[in-house]
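Listing of protein.cif, mmCIF, C-alpha atoms
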```
data_target
loop_
_atom_site.group_PDB
_atom_site.id
_atom_site.type_symbol
_atom_site.label_atom_id
_atom_site.label_comp_id
_atom_site.auth_asym_id
_atom_site.auth_seq_id
_atom_site.Cartn_x
_atom_site.Cartn_y
_atom_site.Cartn_z
ATOM 1 C CA ASP Z 1 26.841 313.805 236.592
ATOM 2 C CA ALA Z 2 25.622 310.258 236.004
ATOM 3 C CA GLY Z 3 25.737 307.926 238.940
ATOM 4 C CA VAL Z 4 26.236 304.182 238.678
ATOM 5 C CA THR Z 5 24.406 302.733 235.677
ATOM 6 C CA GLN Z 6 23.399 299.081 235.461
ATOM 7 C CA SER Z 7 21.895 297.177 232.566
ATOM 8 C CA PRO Z 8 19.564 295.546 231.947
ATOM 9 C CA THR Z 9 17.104 296.506 234.690
ATOM 10 C CA HIS Z 10 15.209 293.222 234.501
ATOM 11 C CA LEU Z 11 16.091 289.852 233.043
ATOM 12 C CA ILE Z 12 14.445 286.438 232.865
ATOM 13 C CA LYS Z 13 16.601 283.385 232.160
ATOM 14 C CA THR Z 14 16.074 279.649 232.114
ATOM 15 C CA ARG Z 15 17.859 277.318 234.503
ATOM 16 C CA GLY Z 16 21.213 276.239 233.055
ATOM 17 C CA GLN Z 17 21.657 279.318 230.896
ATOM 18 C CA GLN Z 18 24.368 281.936 231.217
ATOM 19 C CA VAL Z 19 23.858 285.644 231.905
ATOM 20 C CA THR Z 20 25.962 288.823 231.684
ATOM 21 C CA LEU Z 21 25.154 291.920 233.691
ATOM 22 C CA ARG Z 22 26.801 295.287 233.057
ATOM 23 C CA CYS Z 23 27.817 298.223 235.218
ATOM 24 C CA SER Z 24 29.171 301.673 234.420
ATOM 25 C CA PRO Z 25 30.694 303.330 237.490
ATOM 26 C CA LYS Z 26 30.193 306.890 238.598
ATOM 27 C CA SER Z 27 32.544 309.355 236.926
ATOM 28 C CA GLY Z 28 35.862 309.463 238.782
ATOM 29 C CA HIS Z 29 35.384 306.052 240.403
ATOM 30 C CA ASP Z 30 37.862 303.308 239.543
ATOM 31 C CA THR Z 31 36.676 300.477 241.790
ATOM 32 C CA VAL Z 32 33.613 298.311 241.142
ATOM 33 C CA SER Z 33 32.003 295.833 243.521
ATOM 34 C CA TRP Z 34 29.172 293.416 242.869
ATOM 35 C CA TYR Z 35 26.553 292.284 245.382
ATOM 36 C CA GLN Z 36 23.711 289.763 245.302
ATOM 37 C CA GLN Z 37 20.560 290.628 247.240
ATOM 38 C CA ALA Z 38 17.955 287.918 247.696
ATOM 39 C CA LEU Z 39 14.422 288.984 248.531
ATOM 40 C CA GLY Z 40 14.161 290.197 252.123
ATOM 41 C CA GLN Z 41 17.901 289.852 252.733
ATOM 42 C CA GLY Z 42 20.838 292.217 252.897
ATOM 43 C CA PRO Z 43 23.247 292.304 249.947
ATOM 44 C CA GLN Z 44 26.014 289.686 249.895
ATOM 45 C CA PHE Z 45 29.468 290.567 248.547
ATOM 46 C CA ILE Z 46 30.410 288.730 245.335
ATOM 47 C CA PHE Z 47 33.709 290.400 244.363
ATOM 48 C CA GLN Z 48 35.485 293.672 243.763
ATOM 49 C CA TYR Z 49 37.491 294.802 240.734
ATOM 50 C CA TYR Z 50 40.268 297.371 240.689
ATOM 51 C CA GLU Z 51 42.757 298.024 237.879
ATOM 52 C CA GLU Z 52 41.076 295.290 235.821
ATOM 53 C CA GLU Z 53 41.886 292.654 238.443
ATOM 54 C CA GLU Z 54 39.674 290.849 240.931
ATOM 55 C CA ARG Z 55 40.928 292.301 244.201
ATOM 56 C CA GLN Z 56 38.732 290.456 246.683
ATOM 57 C CA ARG Z 57 36.092 287.749 246.445
ATOM 58 C CA GLY Z 58 33.226 286.745 248.680
ATOM 59 C CA ASN Z 59 31.862 283.266 249.278
ATOM 60 C CA PHE Z 60 30.441 282.613 245.810
ATOM 61 C CA PRO Z 61 31.164 279.655 243.509
ATOM 62 C CA ASP Z 62 33.292 279.881 240.379
ATOM 63 C CA ARG Z 63 30.103 280.064 238.302
ATOM 64 C CA PHE Z 64 30.243 283.751 239.192
ATOM 65 C CA SER Z 65 32.966 285.574 237.288
ATOM 66 C CA GLY Z 66 33.635 289.127 236.308
ATOM 67 C CA HIS Z 67 35.655 291.519 234.292
ATOM 68 C CA GLN Z 68 36.671 295.153 234.460
ATOM 69 C CA PHE Z 69 37.523 297.144 231.347
ATOM 70 C CA PRO Z 70 40.095 299.939 230.949
ATOM 71 C CA ASN Z 71 37.292 302.530 231.222
ATOM 72 C CA TYR Z 72 36.462 301.021 234.668
ATOM 73 C CA SER Z 73 33.125 299.566 233.547
ATOM 74 C CA SER Z 74 32.478 296.006 234.646
ATOM 75 C CA GLU Z 75 30.583 292.851 233.800
ATOM 76 C CA LEU Z 76 29.257 290.095 236.031
ATOM 77 C CA ASN Z 77 28.847 286.681 234.397
ATOM 78 C CA VAL Z 78 26.928 283.815 235.904
ATOM 79 C CA ASN Z 79 27.101 280.369 234.277
ATOM 80 C CA ALA Z 80 24.814 277.358 234.703
ATOM 81 C CA LEU Z 81 22.078 279.399 236.330
ATOM 82 C CA LEU Z 82 20.198 277.916 239.261
ATOM 83 C CA LEU Z 83 16.783 278.898 240.564
ATOM 84 C CA GLY Z 84 18.561 280.188 243.686
ATOM 85 C CA ASP Z 85 20.457 282.727 241.607
ATOM 86 C CA SER Z 86 17.254 284.746 241.292
ATOM 87 C CA ALA Z 87 18.009 288.031 243.044
ATOM 88 C CA LEU Z 88 18.687 291.729 242.695
ATOM 89 C CA TYR Z 89 22.295 292.200 241.573
ATOM 90 C CA LEU Z 90 23.805 295.465 242.716
ATOM 91 C CA CYS Z 91 26.893 297.190 241.430
ATOM 92 C CA ALA Z 92 28.705 299.722 243.610
ATOM 93 C CA SER Z 93 31.540 301.985 242.582
ATOM 94 C CA SER Z 94 33.987 303.998 244.644
ATOM 95 C CA PRO Z 95 37.058 306.147 244.286
ATOM 96 C CA THR Z 96 39.987 304.237 245.734
ATOM 97 C CA GLY Z 97 39.326 303.674 249.416
ATOM 98 C CA TYR Z 98 36.086 305.343 250.462
ATOM 99 C CA GLY Z 99 32.416 306.053 249.802
ATOM 100 C CA TYR Z 100 30.425 303.526 247.781
ATOM 101 C CA THR Z 101 27.708 304.591 245.326
ATOM 102 C CA PHE Z 102 25.200 301.938 244.327
ATOM 103 C CA GLY Z 103 23.334 301.473 241.091
ATOM 104 C CA SER Z 104 19.640 300.630 240.962
ATOM 105 C CA GLY Z 105 20.380 296.986 240.287
ATOM 106 C CA THR Z 106 19.445 294.278 237.816
ATOM 107 C CA ARG Z 107 16.547 292.043 238.817
ATOM 108 C CA LEU Z 108 17.387 288.509 237.595
ATOM 109 C CA THR Z 109 14.681 285.871 237.587
ATOM 110 C CA VAL Z 110 15.649 282.265 236.813
ATOM 111 C CA VAL Z 111 12.774 279.992 235.787
ATOM 112 C CA LYS N 1 32.406 285.499 261.331
ATOM 113 C CA ASN N 2 31.637 289.154 260.613
ATOM 114 C CA GLN N 3 27.974 289.885 261.244
ATOM 115 C CA VAL N 4 25.658 292.871 261.385
ATOM 116 C CA GLU N 5 22.382 292.520 263.271
ATOM 117 C CA GLN N 6 19.602 295.065 263.046
ATOM 118 C CA SER N 7 16.487 295.634 265.104
ATOM 119 C CA PRO N 8 13.613 295.846 264.848
ATOM 120 C CA GLN N 9 12.988 293.903 261.642
ATOM 121 C CA SER N 10 10.044 296.132 260.846
ATOM 122 C CA LEU N 11 8.460 299.239 262.299
ATOM 123 C CA ILE N 12 5.263 301.177 261.664
ATOM 124 C CA ILE N 13 5.025 304.782 262.840
ATOM 125 C CA LEU N 14 2.666 307.697 262.335
ATOM 126 C CA GLU N 15 3.727 310.553 260.101
ATOM 127 C CA GLY N 16 5.462 313.257 262.127
ATOM 128 C CA LYS N 17 6.713 310.906 264.829
ATOM 129 C CA ASN N 18 10.347 310.076 265.601
ATOM 130 C CA CYS N 19 11.942 306.631 265.603
ATOM 131 C CA THR N 20 15.261 304.956 266.345
ATOM 132 C CA LEU N 21 16.736 301.963 264.559
ATOM 133 C CA GLN N 22 19.459 299.799 266.089
ATOM 134 C CA CYS N 23 22.525 298.050 264.703
ATOM 135 C CA ASN N 24 24.982 295.710 266.432
ATOM 136 C CA TYR N 25 28.058 294.392 264.668
ATOM 137 C CA THR N 26 30.905 291.968 265.214
ATOM 138 C CA VAL N 27 33.130 293.128 262.348
ATOM 139 C CA SER N 28 36.711 293.382 263.536
ATOM 140 C CA PRO N 29 38.980 295.175 263.031
ATOM 141 C CA PHE N 30 36.552 297.983 262.346
ATOM 142 C CA SER N 31 36.965 300.665 259.698
ATOM 143 C CA ASN N 32 33.669 302.478 259.230
ATOM 144 C CA LEU N 33 29.903 302.129 259.534
ATOM 145 C CA ARG N 34 27.342 303.375 257.065
ATOM 146 C CA TRP N 35 23.587 303.707 257.078
ATOM 147 C CA TYR N 36 21.789 303.311 253.772
ATOM 148 C CA LYS N 37 18.172 303.847 252.745
ATOM 149 C CA GLN N 38 16.815 301.369 250.212
ATOM 150 C CA ASP N 39 13.498 301.647 248.431
ATOM 151 C CA THR N 40 11.967 298.375 247.265
ATOM 152 C CA GLY N 41 13.715 297.073 244.150
ATOM 153 C CA ARG N 42 16.203 299.935 244.091
ATOM 154 C CA GLY N 43 19.850 300.297 245.040
ATOM 155 C CA PRO N 44 20.832 301.562 248.512
ATOM 156 C CA VAL N 45 21.428 305.296 248.956
ATOM 157 C CA SER N 46 23.980 306.470 251.522
ATOM 158 C CA LEU N 47 22.726 308.470 254.500
ATOM 159 C CA THR N 48 25.777 308.654 256.779
ATOM 160 C CA ILE N 49 29.310 307.292 257.093
ATOM 161 C CA MET N 50 31.160 307.180 260.428
ATOM 162 C CA THR N 51 34.699 306.146 261.224
ATOM 163 C CA PHE N 52 36.048 304.848 264.513
ATOM 164 C CA SER N 53 36.690 308.329 265.894
ATOM 165 C CA GLU N 54 33.218 309.709 265.137
ATOM 166 C CA ASN N 55 30.335 309.081 267.526
ATOM 167 C CA THR N 56 27.589 311.078 265.831
ATOM 168 C CA LYS N 57 26.769 312.333 262.369
ATOM 169 C CA SER N 58 23.698 314.072 261.014
ATOM 170 C CA ASN N 59 22.171 314.354 257.567
ATOM 171 C CA GLY N 60 19.047 316.487 257.725
ATOM 172 C CA ARG N 61 16.421 314.626 259.748
ATOM 173 C CA TYR N 62 18.706 311.589 260.069
ATOM 174 C CA THR N 63 21.183 311.328 262.966
ATOM 175 C CA ALA N 64 23.452 308.336 263.382
ATOM 176 C CA THR N 65 25.403 307.465 266.502
ATOM 177 C CA LEU N 66 28.277 305.044 266.936
ATOM 178 C CA ASP N 67 29.730 303.408 270.051
ATOM 179 C CA ALA N 68 32.806 301.575 268.802
ATOM 180 C CA ASP N 69 33.479 300.131 272.262
ATOM 181 C CA THR N 70 30.159 298.284 272.438
ATOM 182 C CA LYS N 71 29.990 297.867 268.643
ATOM 183 C CA GLN N 72 26.566 299.481 268.462
ATOM 184 C CA SER N 73 25.044 302.128 266.228
ATOM 185 C CA SER N 74 21.663 303.765 265.981
ATOM 186 C CA LEU N 75 19.848 305.801 263.359
ATOM 187 C CA HIS N 76 17.366 308.367 264.661
ATOM 188 C CA ILE N 77 14.775 309.786 262.283
ATOM 189 C CA THR N 78 12.925 312.894 263.380
ATOM 190 C CA SER N 79 9.594 314.276 262.143
ATOM 191 C CA SER N 80 9.014 311.291 259.888
ATOM 192 C CA GLN N 81 7.506 311.740 256.425
ATOM 193 C CA LEU N 82 5.646 309.305 254.198
ATOM 194 C CA SER N 83 8.678 309.283 251.898
ATOM 195 C CA ASP N 84 10.771 307.832 254.728
ATOM 196 C CA SER N 85 9.042 304.486 254.144
ATOM 197 C CA ALA N 86 11.869 302.195 253.043
ATOM 198 C CA SER N 87 14.385 299.676 254.364
ATOM 199 C CA TYR N 88 17.250 301.106 256.385
ATOM 200 C CA ILE N 89 20.412 299.074 256.207
ATOM 201 C CA CYS N 90 23.434 299.193 258.487
ATOM 202 C CA VAL N 91 26.686 298.398 256.655
ATOM 203 C CA VAL N 92 30.083 297.825 258.252
ATOM 204 C CA SER N 93 33.492 297.861 256.611
ATOM 205 C CA GLY N 94 36.404 296.064 258.197
ATOM 206 C CA ALA N 95 39.911 297.462 258.226
ATOM 207 C CA GLY N 96 42.041 295.882 255.532
ATOM 208 C CA SER N 97 39.018 294.490 253.680
ATOM 209 C CA TYR N 98 37.217 295.802 250.638
ATOM 210 C CA GLN N 99 34.073 293.872 251.540
ATOM 211 C CA LEU N 100 31.042 295.591 253.028
ATOM 212 C CA THR N 101 29.009 293.512 255.500
ATOM 213 C CA PHE N 102 25.310 294.348 255.374
ATOM 214 C CA GLY N 103 22.589 293.879 257.931
ATOM 215 C CA LYS N 104 19.222 292.582 256.765
ATOM 216 C CA GLY N 105 17.697 295.994 257.283
ATOM 217 C CA THR N 106 14.771 297.487 259.182
ATOM 218 C CA LYS N 107 11.652 297.956 257.090
ATOM 219 C CA LEU N 108 10.081 301.256 258.121
ATOM 220 C CA SER N 109 6.513 302.141 257.191
ATOM 221 C CA VAL N 110 5.296 305.676 257.843
ATOM 222 C CA ILE N 111 1.499 305.960 257.767
ATOM 223 C CA PRO N 112 -0.720 309.046 257.669
#
```

Would you kindly transcribe this structure into structure tokens?
Amino acid sequence: DAGVTQSPTHLIKTRGQQVTLRCSPKSGHDTVSWYQQALGQGPQFIFQYYEEEERQRGNFPDRFSGHQFPNYSSELNVNALLLGDSALYLCASSPTGYGYTFGSGTRLTVV
Amino acid sequence: KNQVEQSPQSLIILEGKNCTLQCNYTVSPFSNLRWYKQDTGRGPVSLTIMTFSENTKSNGRYTATLDADTKQSSLHITSSQLSDSASYICVVSGAGSYQLTFGKGTKLSVIP
């Protein structure tokens, strides 16, 4: 049984560019959350998707947007990249209500 | 503001020894508290989950305790192994919120 799958694993982008990160949830999970983890810090909540809608959002600017597809997979889009967006981006999935499973993350470097 | 504070920031112990990591939180109303293990550059892996009514939970050599009155939790690791070297993160979920609040983690190094 595959867990949470994220792609790509590593990515290098130039300041000002746009990036799309992808997440496939664990089988049976319908909720996807995205987190940003800067080096040496705990993950920070970006948003959560359920039934293809953004259900809750953390304190991130509108440059961060997302999408959830009918098969529950999800994308995180970041526009106008800043150097400070360099981080490990984690996707977590859960069945409705309980127990989050995390993917291994996408390491984004903005130069 | 919901916060999770962990101590110590880092810890070095000899293989075979025990250690205890601490977590204090201000998340309210409280739903549940989780401990995760995170290897460098990898996603967190769940160790334990405790709700308000649970005050201890074990997973092999890992035992977590929760005092919901004082808003404190601890993670006790017994007979440490080299593979225990990782960051241990305390994560709190508030009632009525889908957001997890993470601590910054305790970086544990187990040396031979």

Using only C-alpha atoms, determine which residues lie at most 9 Å from Glu15 (chain N), disregarding the query and same-chain residues fewer than 6 positions distant; provide the list as a CSV table (one decimal) with C-alpha atoms, in the coordinates of the input.
```csv
chain,number,residue,atom,x,y,z
N,79,SER,CA,9.6,314.3,262.1
N,80,SER,CA,9.0,311.3,259.9
N,81,GLN,CA,7.5,311.7,256.4
N,82,LEU,CA,5.6,309.3,254.2
N,110,VAL,CA,5.3,305.7,257.8
N,111,ILE,CA,1.5,306.0,257.8
N,112,PRO,CA,-0.7,309.0,257.7
```

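Between CA of Ser53 (chain N) and CA of Leu33 (chain N) the interatomic distance comes to 11.2 Å.
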
Given the file above and the PyMOL selection byres ((chain N) within 9 of (chain Z)), which residues are selected, and can you give them as JSON, numbers by chain? {"N": [41, 42, 43, 44, 45, 46, 49, 89, 97, 98, 99, 100, 101, 102, 103, 104, 105]}

For region 57-61 of chain N, work out the shell of residues within 12 Å, counting only C-alpha atoms and skipping chain neighbours fewer than 5 positions away, then give it as a PyMOL selection string. chain N and resi 16-20+33-36+46-51+66+73-81+84

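Taking all atoms listed in the file into account, Ser27 (chain Z) lies nearest to Z:Ser94 out of the set Z:Ser94, Z:Asn59, Z:Gln6, Z:Thr109.
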
Identify the residues around (10.4, 305.1, 254.0) within a radius of 6 Å, measuring from only C-alpha atoms in the coordinates stated by the file, and give them as a ChimeraX atom specification. /N:83-86,108-109

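Interatomic distance, CA of Leu11 (chain N) to CA of Ala87 (chain Z): 24.2 Å.
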
Reference answer for the PyMOL selection byres ((chain N and resi 52) around 12), as a list in words: Ser28, Pro29, Phe30, Ser31, Asn32, Leu33, Arg34, Ile49, Met50, Thr51, Ser53, Glu54, Asn55, Thr56, Thr65, Leu66, Asp67, Ala68, Asp69, Thr70, Lys71, Gln72, Ser73, Val92, Ser93, Gly94 and Ala95 of chain N

Taking the file above as input, evaluate the PyMOL selection byres ((chain Z and resi 82) around 12) and report the hits as a tab-separated table (two decimals) with C-alpha atoms, in the coordinates of the input.
```
chain	number	residue	atom	x	y	z
Z	13	LYS	CA	16.60	283.38	232.16
Z	14	THR	CA	16.07	279.65	232.11
Z	15	ARG	CA	17.86	277.32	234.50
Z	16	GLY	CA	21.21	276.24	233.06
Z	17	GLN	CA	21.66	279.32	230.90
Z	18	GLN	CA	24.37	281.94	231.22
Z	19	VAL	CA	23.86	285.64	231.90
Z	61	PRO	CA	31.16	279.65	243.51
Z	63	ARG	CA	30.10	280.06	238.30
Z	64	PHE	CA	30.24	283.75	239.19
Z	78	VAL	CA	26.93	283.82	235.90
Z	79	ASN	CA	27.10	280.37	234.28
Z	80	ALA	CA	24.81	277.36	234.70
Z	81	LEU	CA	22.08	279.40	236.33
Z	83	LEU	CA	16.78	278.90	240.56
Z	84	GLY	CA	18.56	280.19	243.69
Z	85	ASP	CA	20.46	282.73	241.61
Z	86	SER	CA	17.25	284.75	241.29
Z	87	ALA	CA	18.01	288.03	243.04
Z	108	LEU	CA	17.39	288.51	237.60
Z	109	THR	CA	14.68	285.87	237.59
Z	110	VAL	CA	15.65	282.26	236.81
Z	111	VAL	CA	12.77	279.99	235.79
```

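Here CA of Thr63 (chain N) stands at a distance of 27.0 Å from CA of Gly96 (chain N).
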
Once you add 6 Å to each side, what are the centre and edge lengths of the axis-aligned box holding all listed atoms of region 24-38 of chain N? One decimal in Å, as JSON, if you can.
```
{"center_x": 27.9, "center_y": 297.9, "center_z": 258.3, "size_x": 34.2, "size_y": 23.9, "size_z": 28.2}
```

Nearest to Gly66 (chain Z): which of Z:Thr31, Z:Gln36, Z:Thr9, Z:Thr20 is it, counting only C-alpha atoms? Z:Thr20

Ranking Z:His67, Z:Asn77, Z:Ile12, Z:Leu21 by minimum distance to Glu54 (chain Z) and counting only C-alpha atoms, which one comes first? Z:His67
